[in-house]
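Novice: Pasting structure.csv below, which is CSV, C-alpha atoms and all ligand atoms.
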```
chain,number,residue,atom,x,y,z
G,14,MET,CA,0.0,0.0,0.0
G,15,CYS,CA,2.7,2.4,1.1
G,16,LYS,CA,4.9,1.3,-1.8
G,17,LYS,CA,2.1,1.9,-4.3
G,18,LEU,CA,1.5,5.4,-2.8
G,19,PHE,CA,5.2,6.1,-3.1
G,20,ALA,CA,5.3,4.9,-6.7
G,21,ALA,CA,2.3,7.0,-7.5
G,22,LEU,CA,3.8,10.0,-5.8
G,23,SER,CA,7.1,9.7,-7.5
G,24,ALA,CA,5.4,9.3,-10.9
G,25,VAL,CA,3.6,12.6,-10.3
G,26,LEU,CA,6.8,14.2,-9.1
G,27,SER,CA,8.8,13.0,-12.1
G,28,ILE,CA,6.2,14.3,-14.5
G,29,ALA,CA,6.3,17.6,-12.7
G,30,LEU,CA,10.1,17.7,-13.0
G,31,ILE,CA,10.4,16.5,-16.6
G,32,SER,CA,7.7,18.8,-18.2
G,33,PRO,CA,7.5,22.1,-16.3
G,34,ALA,CA,3.9,21.4,-15.4
G,35,HIS,CA,1.7,23.8,-17.2
G,36,ALA,CA,-1.0,23.7,-14.4
G,37,ASP,CA,1.6,25.2,-12.0
G,38,ASP,CA,2.8,27.9,-14.3
G,39,VAL,CA,2.0,31.5,-13.4
G,40,ARG,CA,-0.2,32.6,-16.3
G,41,ILE,CA,0.1,36.3,-17.1
G,42,ALA,CA,-2.2,37.9,-19.7
G,43,LEU,CA,-0.7,40.9,-21.5
G,44,VAL,CA,-3.8,42.7,-22.8
G,45,VAL,CA,-3.0,45.3,-25.4
G,46,LYS,CA,-5.1,48.2,-26.9
G,47,ALA,CA,-5.5,46.2,-30.2
G,48,LEU,CA,-3.7,43.3,-32.0
G,49,GLY,CA,-1.6,44.1,-35.0
G,50,ILE,CA,0.2,47.2,-33.6
G,51,GLY,CA,4.0,46.9,-33.9
G,52,PHE,CA,4.6,48.7,-30.6
G,53,PHE,CA,2.7,46.1,-28.7
G,54,GLU,CA,4.3,43.2,-30.6
G,55,ALA,CA,7.7,44.6,-29.4
G,56,ALA,CA,6.3,44.7,-25.9
G,57,ASN,CA,5.2,41.1,-26.2
G,58,GLU,CA,8.8,40.2,-27.2
G,59,GLY,CA,9.9,41.6,-23.9
G,60,ALA,CA,7.1,39.8,-22.0
G,61,GLN,CA,8.2,36.5,-23.5
G,62,GLU,CA,11.8,37.3,-22.6
G,63,ALA,CA,10.7,37.8,-19.0
G,64,ALA,CA,8.7,34.5,-19.1
G,65,ASN,CA,11.8,32.6,-20.4
G,66,GLU,CA,14.0,34.1,-17.7
G,67,LEU,CA,11.5,33.2,-14.9
G,68,GLY,CA,10.9,29.7,-16.3
G,69,ASN,CA,7.5,29.0,-14.7
G,70,VAL,CA,5.6,31.7,-16.5
G,71,GLU,CA,3.2,31.6,-19.4
G,72,VAL,CA,2.5,34.9,-21.1
G,73,ILE,CA,-0.8,35.1,-22.9
G,74,TYR,CA,-0.6,38.0,-25.4
G,75,THR,CA,-4.1,39.1,-26.3
G,76,GLY,CA,-6.3,42.1,-27.1
G,77,PRO,CA,-9.3,43.1,-29.3
G,78,THR,CA,-9.0,43.7,-33.0
G,79,THR,CA,-9.8,47.4,-32.7
G,80,THR,CA,-8.9,49.9,-30.0
G,81,THR,CA,-12.1,49.8,-28.0
G,82,ALA,CA,-12.9,49.4,-24.3
G,83,GLU,CA,-15.8,47.0,-25.3
G,84,GLY,CA,-13.3,44.8,-27.1
G,85,GLN,CA,-11.0,44.7,-24.1
G,86,ILE,CA,-13.9,44.0,-21.7
G,87,GLU,CA,-14.8,40.9,-23.8
G,88,VAL,CA,-11.1,39.8,-23.7
G,89,ILE,CA,-10.9,40.3,-20.0
G,90,THR,CA,-14.2,38.4,-19.3
G,91,SER,CA,-12.7,35.4,-21.1
G,92,LEU,CA,-9.4,35.7,-19.1
G,93,ILE,CA,-11.3,35.6,-15.9
G,94,ALA,CA,-13.1,32.4,-17.0
G,95,GLN,CA,-9.6,31.0,-17.8
G,96,ARG,CA,-8.5,31.8,-14.3
G,97,VAL,CA,-5.3,33.5,-15.3
G,98,ASP,CA,-3.1,34.6,-12.3
G,99,ALA,CA,-2.5,38.2,-13.5
G,100,ILE,CA,-3.7,40.7,-16.1
G,101,ALA,CA,-1.4,43.5,-17.3
G,102,VAL,CA,-3.5,45.8,-19.5
G,103,SER,CA,-2.8,48.9,-21.7
G,104,ALA,CA,-6.3,50.5,-21.4
G,105,ASN,CA,-8.4,51.9,-24.2
G,106,ASP,CA,-10.4,53.8,-21.5
G,107,GLN,CA,-9.4,54.4,-17.9
G,108,ASP,CA,-12.9,54.2,-16.4
G,109,ALA,CA,-14.8,51.8,-18.6
G,110,LEU,CA,-12.6,48.8,-17.7
G,111,VAL,CA,-12.9,49.4,-13.9
G,112,PRO,CA,-15.9,47.2,-13.2
G,113,ILE,CA,-14.6,44.1,-15.1
G,114,LEU,CA,-11.1,44.6,-13.5
G,115,LYS,CA,-12.7,44.9,-10.1
G,116,ARG,CA,-14.4,41.5,-10.7
G,117,ALA,CA,-11.1,40.0,-11.8
G,118,GLN,CA,-9.5,41.2,-8.6
G,119,GLN,CA,-12.3,39.8,-6.5
G,120,ARG,CA,-11.5,36.4,-8.1
G,121,GLY,CA,-7.9,36.7,-6.9
G,122,ILE,CA,-6.4,37.9,-10.2
G,123,LYS,CA,-3.6,40.5,-9.8
G,124,VAL,CA,-4.3,43.4,-12.1
G,125,ILE,CA,-1.9,46.1,-13.2
G,126,SER,CA,-2.0,48.6,-16.1
G,127,TRP,CA,1.0,49.6,-18.1
G,128,ASP,CA,1.5,52.0,-21.1
G,129,SER,CA,-2.1,53.3,-20.9
G,130,GLY,CA,-3.5,53.4,-17.4
G,131,VAL,CA,-6.6,52.3,-15.6
G,132,ALA,CA,-8.2,54.3,-12.8
G,133,PRO,CA,-6.7,53.3,-9.4
G,134,GLU,CA,-9.9,51.4,-8.3
G,135,GLY,CA,-9.3,49.0,-11.2
G,136,ARG,CA,-5.7,48.0,-10.6
G,137,ILE,CA,-2.9,47.6,-8.1
G,138,MET,CA,-0.5,49.8,-9.9
G,139,HIS,CA,0.3,51.5,-13.2
G,140,LEU,CA,3.6,51.4,-15.0
G,141,ASN,CA,4.2,54.5,-17.1
G,142,PRO,CA,6.9,54.1,-19.8
G,143,SER,CA,8.5,57.4,-18.5
G,144,SER,CA,7.5,60.6,-16.7
G,145,ASN,CA,4.4,62.0,-18.4
G,146,GLU,CA,5.7,65.5,-18.0
G,147,LEU,CA,8.9,64.6,-19.8
G,148,ILE,CA,7.0,62.9,-22.6
G,149,GLY,CA,4.7,65.9,-23.1
G,150,ARG,CA,7.6,68.4,-23.1
G,151,MET,CA,9.7,66.2,-25.4
G,152,ASN,CA,6.9,66.1,-28.0
G,153,VAL,CA,6.7,69.9,-28.1
G,154,GLN,CA,10.5,70.1,-28.3
G,155,LEU,CA,10.4,67.7,-31.3
G,156,ALA,CA,7.9,70.0,-33.0
G,157,ALA,CA,10.3,73.0,-32.3
G,158,ASP,CA,13.1,70.9,-33.8
G,159,ALA,CA,11.0,70.4,-36.9
G,160,LEU,CA,10.6,74.2,-37.3
G,161,GLU,CA,14.3,74.5,-37.1
G,162,ALA,CA,14.8,71.8,-39.7
G,163,LYS,CA,12.4,73.7,-41.9
G,164,GLY,CA,14.5,76.9,-41.3
G,165,ILE,CA,11.6,78.9,-39.9
G,166,ARG,CA,11.3,80.9,-36.7
G,167,SER,CA,7.6,80.3,-35.9
G,168,GLY,CA,4.9,78.0,-37.2
G,169,GLN,CA,1.7,75.9,-36.8
G,170,MET,CA,1.5,72.5,-35.3
G,171,ALA,CA,-1.4,70.0,-35.1
G,172,ILE,CA,-1.7,66.9,-32.9
G,173,LEU,CA,-2.8,63.6,-34.4
G,174,SER,CA,-3.6,61.4,-31.4
G,175,ALA,CA,-4.9,57.8,-30.9
G,176,THR,CA,-8.5,57.4,-29.5
G,177,PRO,CA,-10.2,60.2,-27.6
G,178,THR,CA,-10.4,58.0,-24.5
G,179,SER,CA,-6.8,56.8,-24.6
G,180,THR,CA,-5.4,57.5,-21.1
G,181,ASN,CA,-1.7,57.8,-22.1
G,182,GLN,CA,-2.2,60.1,-25.1
G,183,ASN,CA,-4.7,62.3,-23.2
G,184,ILE,CA,-2.2,62.8,-20.4
G,185,TRP,CA,0.6,63.5,-22.8
G,186,ILE,CA,-1.5,66.0,-24.8
G,187,GLU,CA,-2.4,67.8,-21.5
G,188,GLU,CA,1.4,67.9,-20.7
G,189,MET,CA,2.1,69.2,-24.1
G,190,LYS,CA,-0.4,72.0,-23.6
G,191,LYS,CA,1.3,72.8,-20.3
G,192,ALA,CA,4.7,73.1,-21.9
G,193,LEU,CA,3.6,75.0,-25.0
G,194,PRO,CA,3.6,78.5,-23.4
G,195,GLU,CA,7.4,78.1,-23.1
G,196,PHE,CA,7.6,77.5,-26.9
G,197,SER,CA,6.2,80.8,-28.2
G,198,GLN,CA,7.3,79.9,-31.8
G,199,LEU,CA,4.6,77.2,-31.9
G,200,GLU,CA,0.9,77.7,-32.4
G,201,LEU,CA,-1.3,74.6,-31.8
G,202,VAL,CA,-4.1,74.8,-34.4
G,203,ASP,CA,-5.9,71.5,-34.1
G,204,THR,CA,-6.1,68.1,-32.3
G,205,VAL,CA,-7.6,65.1,-34.2
G,206,TYR,CA,-7.9,61.4,-33.5
G,207,GLY,CA,-7.0,58.5,-35.7
G,208,ASP,CA,-8.0,55.9,-33.1
G,209,ASP,CA,-4.7,54.0,-33.6
G,210,LEU,CA,-6.1,52.7,-36.9
G,211,ALA,CA,-3.7,53.1,-39.9
G,212,ASP,CA,-6.4,54.1,-42.4
G,213,LYS,CA,-8.3,56.5,-40.1
G,214,SER,CA,-5.0,58.1,-39.0
G,215,TYR,CA,-4.0,58.5,-42.6
G,216,ARG,CA,-7.3,60.2,-43.5
G,217,GLU,CA,-7.0,62.5,-40.5
G,218,ALA,CA,-3.5,63.6,-41.5
G,219,VAL,CA,-4.7,64.4,-45.0
G,220,ALA,CA,-7.6,66.4,-43.6
G,221,LEU,CA,-5.2,68.3,-41.3
G,222,MET,CA,-3.2,69.4,-44.3
G,223,ARG,CA,-6.3,70.3,-46.3
G,224,ASN,CA,-7.9,72.3,-43.4
G,225,HIS,CA,-4.7,74.1,-42.4
G,226,PRO,CA,-2.8,75.1,-45.6
G,227,ASP,CA,-0.1,76.7,-43.5
G,228,LEU,CA,0.5,73.8,-41.2
G,229,ASP,CA,4.2,73.1,-40.5
G,230,VAL,CA,4.3,70.2,-38.1
G,231,ILE,CA,2.1,67.2,-37.3
G,232,VAL,CA,2.9,65.8,-33.9
G,233,ALA,CA,1.6,62.2,-33.4
G,234,PRO,CA,2.2,60.8,-29.9
G,235,THR,CA,1.3,57.3,-31.2
G,236,THR,CA,3.3,54.9,-33.2
G,237,VAL,CA,0.3,54.2,-35.5
G,238,GLY,CA,-0.4,57.9,-36.0
G,239,ILE,CA,3.1,59.0,-36.8
G,240,LEU,CA,3.6,56.3,-39.4
G,241,ALA,CA,0.3,57.1,-41.1
G,242,ALA,CA,1.0,60.8,-41.0
G,243,ALA,CA,4.5,60.4,-42.6
G,244,GLN,CA,3.0,58.3,-45.3
G,245,ALA,CA,0.3,60.9,-45.9
G,246,VAL,CA,2.8,63.8,-46.1
G,247,SER,CA,4.9,61.7,-48.5
G,248,ASP,CA,1.9,60.8,-50.7
G,249,GLN,CA,0.7,64.4,-50.8
G,250,ASN,CA,4.2,65.6,-51.9
G,251,ARG,CA,4.5,67.8,-48.9
G,252,ILE,CA,8.0,66.6,-47.7
G,253,GLY,CA,10.0,69.5,-46.4
G,254,ASP,CA,6.9,71.6,-46.1
G,255,VAL,CA,5.0,69.6,-43.5
G,256,TYR,CA,7.1,67.8,-41.0
G,257,VAL,CA,5.9,64.8,-38.9
G,258,THR,CA,7.2,64.0,-35.5
G,259,GLY,CA,6.1,62.4,-32.2
G,260,LEU,CA,6.4,58.8,-30.8
G,261,GLY,CA,7.3,56.0,-33.1
G,262,LEU,CA,9.3,52.9,-33.8
G,263,PRO,CA,12.7,53.1,-35.6
G,264,SER,CA,11.8,49.9,-37.5
G,265,GLU,CA,8.7,51.5,-38.9
G,266,LEU,CA,10.0,55.1,-39.5
G,267,ALA,CA,13.6,54.7,-40.8
G,268,GLY,CA,12.5,55.1,-44.4
G,269,HIS,CA,10.5,58.3,-43.6
G,270,VAL,CA,13.5,59.7,-41.8
G,271,HIS,CA,15.6,59.2,-44.8
G,272,SER,CA,13.0,60.6,-47.1
G,273,GLY,CA,12.9,63.7,-45.0
G,274,ALA,CA,9.2,63.5,-44.0
G,275,ILE,CA,10.4,63.1,-40.4
G,276,HIS,CA,13.3,65.1,-39.0
G,277,ASN,CA,13.4,63.4,-35.6
G,278,PHE,CA,11.1,61.5,-33.2
G,279,ALA,CA,11.2,59.7,-29.8
G,280,ILE,CA,10.3,56.5,-28.1
G,281,TRP,CA,11.3,54.5,-25.0
G,282,ASN,CA,12.3,50.8,-25.5
G,283,PRO,CA,8.9,48.9,-26.0
G,284,ILE,CA,10.6,45.5,-25.4
G,285,ASP,CA,11.8,46.7,-22.0
G,286,LEU,CA,8.3,48.0,-21.2
G,287,GLY,CA,6.7,44.6,-21.9
G,288,TYR,CA,9.5,42.9,-19.9
G,289,ALA,CA,9.0,45.2,-16.9
G,290,ALA,CA,5.2,44.9,-16.9
G,291,THR,CA,5.5,41.1,-16.9
G,292,MET,CA,8.1,41.1,-14.1
G,293,ILE,CA,5.9,43.3,-12.0
G,294,ALA,CA,2.8,41.1,-12.6
G,295,TYR,CA,4.8,38.0,-11.7
G,296,ASN,CA,6.2,39.5,-8.5
G,297,LEU,CA,2.7,40.6,-7.4
G,298,VAL,CA,1.4,37.0,-7.9
G,299,GLU,CA,4.4,35.7,-5.9
G,300,GLY,CA,4.0,38.3,-3.2
G,301,ASN,CA,7.4,39.7,-3.8
G,302,GLY,CA,8.2,43.4,-3.2
G,303,SER,CA,6.3,45.8,-1.0
G,304,SER,CA,3.4,48.2,-1.6
G,305,SER,CA,5.8,50.9,-2.8
G,306,ARG,CA,8.6,48.9,-4.4
G,307,ILE,CA,8.3,46.0,-6.9
G,308,PRO,CA,11.2,44.4,-8.6
G,309,MET,CA,11.3,44.4,-12.4
G,310,GLY,CA,14.2,42.0,-13.1
G,311,ARG,CA,16.9,43.5,-15.3
G,312,MET,CA,15.0,46.8,-15.4
G,313,GLY,CA,15.5,47.5,-11.7
G,314,THR,CA,12.8,48.3,-9.2
G,315,ALA,CA,9.4,50.1,-9.8
G,316,GLU,CA,9.0,52.9,-7.3
G,317,LEU,CA,5.3,53.6,-6.7
G,318,ASP,CA,4.0,57.1,-5.9
G,319,ALA,CA,0.9,57.6,-3.6
G,320,GLU,CA,-1.5,56.8,-6.5
G,321,GLY,CA,0.4,53.6,-7.4
G,322,ASN,CA,2.1,55.0,-10.5
G,323,ALA,CA,5.7,54.1,-11.5
G,324,ALA,CA,7.8,55.1,-14.4
G,325,MET,CA,10.3,52.9,-16.3
G,326,SER,CA,12.9,55.0,-18.1
G,327,ASP,CA,13.5,58.0,-20.3
G,328,PRO,CA,12.6,58.2,-24.0
G,329,PHE,CA,15.3,58.4,-26.6
G,330,VAL,CA,15.5,60.7,-29.7
G,331,TYR,CA,16.1,59.2,-33.1
G,332,ASP,CA,17.1,60.9,-36.3
G,333,ALA,CA,19.0,60.2,-39.5
G,334,THR,CA,22.3,59.6,-37.6
G,335,ASN,CA,21.0,56.7,-35.4
G,336,VAL,CA,17.7,55.4,-36.6
G,337,ASP,CA,19.2,52.6,-38.7
G,338,ASP,CA,21.1,51.3,-35.6
G,339,PHE,CA,17.8,50.6,-33.9
G,340,ALA,CA,15.6,49.7,-36.8
G,341,SER,CA,16.4,46.0,-36.5
G,342,ILE,CA,15.6,46.0,-32.8
G,343,PHE,CA,12.2,47.6,-32.5
D,401,LIG,C1,0.8,53.4,-29.9
D,401,LIG,C2,-0.1,53.1,-28.7
D,401,LIG,C3,0.6,53.0,-27.4
D,401,LIG,C4,1.6,54.2,-27.2
D,401,LIG,C5,2.5,54.3,-28.4
D,401,LIG,C6,3.5,55.4,-28.3
D,401,LIG,O1,1.5,52.2,-30.2
D,401,LIG,O2,-1.1,54.2,-28.7
D,401,LIG,O3,-0.3,53.1,-26.3
D,401,LIG,O4,2.3,54.1,-26.0
D,401,LIG,O5,1.7,54.4,-29.6
```
As structure tokens, how would this structure be written, given the file I've shared?
Specialist:
Amino acid sequence: MCKKLFAALSAVLSIALISPAHADDVRIALVVKALGIGFFEAANEGAQEAANELGNVEVIYTGPTTTTAEGQIEVITSLIAQRVDAIAVSANDQDALVPILKRAQQRGIKVISWDSGVAPEGRIMHLNPSSNELIGRMNVQLAADALEAKGIRSGQMAILSATPTSTNQNIWIEEMKKALPEFSQLELVDTVYGDDLADKSYREAVALMRNHPDLDVIVAPTTVGILAAAQAVSDQNRIGDVYVTGLGLPSELAGHVHSGAIHNFAIWNPIDLGYAATMIAYNLVEGNGSSSRIPMGRMGTAELDAEGNAAMSDPFVYDATNVDDFASIF
């Protein structure tokens, strides 16, 4: 009897040892604004890197097909049914996701937001890529750089954003508006929304050029928007006349930097961001860290402020001198 039990136990143990038992894995869902966006695919690369480093983690990369809160609610409902251990979400709406994320937390799921935040009631903490103030100011500085590249002392800028409910872009636009008075050479003439859809962003960029014949710079604090706007400027034969800048990926923009549609642009490392978010989610599941400090593996420690916000690292500026060095990475 005892022998049999021992045999059974050792069989179970050896299975557990040979195949890292999936049932015991920590399952972390990385929920993005929408599938098919290069920025999030790079973040997923970092998330998978974290999973490999930790060994007992499975990352489920998921999101809706378009950038809507409704789509994310559906995805999160299914993740709750799958009993994942943690959800790390880049939110399409900071308030609309709160009820479903509260339900997830009641079921014992650790919830964090990253990139684009959820209101504090819906999550344990939020990981910003960088200081919001810095990102806002940097976007205005990039617009000023474009005026210089154009060789003019003052000019008009317009903002092409993602969705009107996107937490991160809305905060950055607010910060841009706070910084603008220090840049008297820039006049903000319009703010439009391409919803992080390539075709809508393209149409909005074309409309901006039509509605503002004297427009000098389009600032798009979204990787989808900046790429679509650069393409629109190029297709409309406005290179050198209307500059595009904002936040984008070297891999998607190198060609537009070399064509002259973009003088310079910025971004933080999206691979590091996905890695850091996954490390935080894992450590919350494991009960590591404290309410104000959570380890992020090779990215150091997330230091949380009173509202549970942390920032990863500074953005970096790319131009014709360095864009090719990074284009193969993200
Ligand atoms: C898009 C998304 C994302 C944002 C980047 C800069 O990929 O809107 O949330 O952080 O741009």
Novice: Would you mind listing the residues within 10 Å of ligand LIG 401 (chain D), counting all atoms listed in the file, as a PyMOL selection string?
Specialist: chain G and resi 45-47+49-56+80+103-105+127-130+141-142+174-176+179-182+208-210+233-239+259-262+279-281+283+286
Novice: Leaving out Asp158 in chain G and any residue of its chain fewer than 2 positions from it, which residues lie within 10 Å of it when counting all atoms listed in the file, given as a list of chain:residue names?
Specialist: G:Asn152, G:Val153, G:Gln154, G:Leu155, G:Ala156, G:Leu160, G:Glu161, G:Ala162, G:Lys163, G:Gly164, G:Val230, G:Tyr256, G:Thr258, G:His276, G:Asn277, G:Phe278
Novice: In terms of the shortest atom-to-atom distance over only C-alpha atoms, which of G:Ile100, G:Leu110, G:Tyr295, G:Arg306 is closest to Asn322 in chain G?
Specialist: G:Arg306
Novice: With only C-alpha atoms as the basis for distance, which of G:Val232, G:Ala274, G:Ile293, G:Leu317 is at the shortest distance from Ser305 in chain G?
Specialist: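 Distance minimum relative to Ser305 in chain G lands on G:Leu317.
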Novice: Which residue, G:Ala340, G:Met312, G:Met189, G:Ala243, has the smallest gap to Met151 in chain G when you use only C-alpha atoms?
Specialist: G:Met189
Novice: What is the distance between CA of Val70 in chain G and CA of Ser341 in chain G, in Å to one decimal?
Specialist: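 Taking CA of Val70 in chain G as the start and CA of Ser341 in chain G as the end point, the length is 26.9 Å.
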Novice: Could I get range 100-110 of chain G from the block written as a PDB file, in the first residue's frame, with all heavy atoms?
Specialist:
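Contents of decode.pdb, freshly written:
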```
ATOM      1  N   ILE G 100      -3.355  39.965 -14.837  1.00  0.00           N
ATOM      2  CA  ILE G 100      -3.698  40.683 -16.067  1.00  0.00           C
ATOM      3  C   ILE G 100      -2.906  41.986 -16.057  1.00  0.00           C
ATOM      4  O   ILE G 100      -2.951  42.739 -15.082  1.00  0.00           O
ATOM      5  CB  ILE G 100      -5.222  40.982 -16.137  1.00  0.00           C
ATOM      6  CG1 ILE G 100      -6.009  39.677 -16.290  1.00  0.00           C
ATOM      7  CG2 ILE G 100      -5.541  41.945 -17.292  1.00  0.00           C
ATOM      8  CD1 ILE G 100      -7.530  39.845 -16.233  1.00  0.00           C
ATOM      9  N   ALA G 101      -2.165  42.231 -17.140  1.00  0.00           N
ATOM     10  CA  ALA G 101      -1.430  43.489 -17.303  1.00  0.00           C
ATOM     11  C   ALA G 101      -1.989  44.154 -18.550  1.00  0.00           C
ATOM     12  O   ALA G 101      -1.785  43.675 -19.659  1.00  0.00           O
ATOM     13  CB  ALA G 101       0.071  43.201 -17.453  1.00  0.00           C
ATOM     14  N   VAL G 102      -2.710  45.255 -18.362  1.00  0.00           N
ATOM     15  CA  VAL G 102      -3.479  45.824 -19.475  1.00  0.00           C
ATOM     16  C   VAL G 102      -3.025  47.235 -19.842  1.00  0.00           C
ATOM     17  O   VAL G 102      -2.715  48.043 -18.978  1.00  0.00           O
ATOM     18  CB  VAL G 102      -5.008  45.801 -19.136  1.00  0.00           C
ATOM     19  CG1 VAL G 102      -5.337  46.600 -17.884  1.00  0.00           C
ATOM     20  CG2 VAL G 102      -5.851  46.299 -20.307  1.00  0.00           C
ATOM     21  N   SER G 103      -2.978  47.496 -21.149  1.00  0.00           N
ATOM     22  CA  SER G 103      -2.809  48.856 -21.671  1.00  0.00           C
ATOM     23  C   SER G 103      -4.210  49.288 -22.104  1.00  0.00           C
ATOM     24  O   SER G 103      -4.760  48.779 -23.091  1.00  0.00           O
ATOM     25  CB  SER G 103      -1.848  48.865 -22.863  1.00  0.00           C
ATOM     26  OG  SER G 103      -1.933  50.117 -23.514  1.00  0.00           O
ATOM     27  N   ALA G 104      -4.803  50.222 -21.350  1.00  0.00           N
ATOM     28  CA  ALA G 104      -6.254  50.450 -21.429  1.00  0.00           C
ATOM     29  C   ALA G 104      -6.683  51.395 -22.552  1.00  0.00           C
ATOM     30  O   ALA G 104      -6.064  52.425 -22.782  1.00  0.00           O
ATOM     31  CB  ALA G 104      -6.744  50.994 -20.095  1.00  0.00           C
ATOM     32  N   ASN G 105      -7.801  51.039 -23.183  1.00  0.00           N
ATOM     33  CA  ASN G 105      -8.412  51.945 -24.164  1.00  0.00           C
ATOM     34  C   ASN G 105      -9.292  52.990 -23.494  1.00  0.00           C
ATOM     35  O   ASN G 105      -9.734  53.939 -24.155  1.00  0.00           O
ATOM     36  CB  ASN G 105      -9.248  51.143 -25.166  1.00  0.00           C
ATOM     37  CG  ASN G 105      -8.366  50.410 -26.166  1.00  0.00           C
ATOM     38  OD1 ASN G 105      -7.363  50.953 -26.619  1.00  0.00           O
ATOM     39  ND2 ASN G 105      -8.716  49.176 -26.483  1.00  0.00           N
ATOM     40  N   ASP G 106      -9.589  52.808 -22.209  1.00  0.00           N
ATOM     41  CA  ASP G 106     -10.423  53.762 -21.469  1.00  0.00           C
ATOM     42  C   ASP G 106     -10.148  53.550 -19.985  1.00  0.00           C
ATOM     43  O   ASP G 106     -10.257  52.428 -19.498  1.00  0.00           O
ATOM     44  CB  ASP G 106     -11.905  53.494 -21.793  1.00  0.00           C
ATOM     45  CG  ASP G 106     -12.825  54.543 -21.205  1.00  0.00           C
ATOM     46  OD1 ASP G 106     -12.722  54.828 -19.981  1.00  0.00           O
ATOM     47  OD2 ASP G 106     -13.649  55.092 -21.965  1.00  0.00           O
ATOM     48  N   GLN G 107      -9.793  54.609 -19.282  1.00  0.00           N
ATOM     49  CA  GLN G 107      -9.369  54.402 -17.892  1.00  0.00           C
ATOM     50  C   GLN G 107     -10.522  54.045 -16.953  1.00  0.00           C
ATOM     51  O   GLN G 107     -10.305  53.425 -15.922  1.00  0.00           O
ATOM     52  CB  GLN G 107      -8.611  55.610 -17.365  1.00  0.00           C
ATOM     53  CG  GLN G 107      -9.400  56.885 -17.284  1.00  0.00           C
ATOM     54  CD  GLN G 107      -8.649  57.940 -16.477  1.00  0.00           C
ATOM     55  OE1 GLN G 107      -7.618  57.653 -15.889  1.00  0.00           O
ATOM     56  NE2 GLN G 107      -9.161  59.152 -16.446  1.00  0.00           N
ATOM     57  N   ASP G 108     -11.753  54.438 -17.297  1.00  0.00           N
ATOM     58  CA  ASP G 108     -12.886  54.169 -16.407  1.00  0.00           C
ATOM     59  C   ASP G 108     -13.720  52.967 -16.831  1.00  0.00           C
ATOM     60  O   ASP G 108     -14.203  52.211 -15.989  1.00  0.00           O
ATOM     61  CB  ASP G 108     -13.796  55.409 -16.335  1.00  0.00           C
ATOM     62  CG  ASP G 108     -13.029  56.609 -15.791  1.00  0.00           C
ATOM     63  OD1 ASP G 108     -12.300  56.430 -14.790  1.00  0.00           O
ATOM     64  OD2 ASP G 108     -13.134  57.701 -16.384  1.00  0.00           O
ATOM     65  N   ALA G 109     -13.892  52.799 -18.153  1.00  0.00           N
ATOM     66  CA  ALA G 109     -14.798  51.753 -18.645  1.00  0.00           C
ATOM     67  C   ALA G 109     -14.345  50.348 -18.240  1.00  0.00           C
ATOM     68  O   ALA G 109     -15.168  49.440 -18.125  1.00  0.00           O
ATOM     69  CB  ALA G 109     -14.928  51.837 -20.163  1.00  0.00           C
ATOM     70  N   LEU G 110     -13.052  50.174 -17.996  1.00  0.00           N
ATOM     71  CA  LEU G 110     -12.555  48.832 -17.653  1.00  0.00           C
ATOM     72  C   LEU G 110     -12.628  48.544 -16.152  1.00  0.00           C
ATOM     73  O   LEU G 110     -12.419  47.406 -15.729  1.00  0.00           O
ATOM     74  CB  LEU G 110     -11.102  48.661 -18.118  1.00  0.00           C
ATOM     75  CG  LEU G 110     -10.816  48.754 -19.612  1.00  0.00           C
ATOM     76  CD1 LEU G 110      -9.353  48.411 -19.887  1.00  0.00           C
ATOM     77  CD2 LEU G 110     -11.720  47.829 -20.405  1.00  0.00           C
TER      78      LEU G 110
END
```
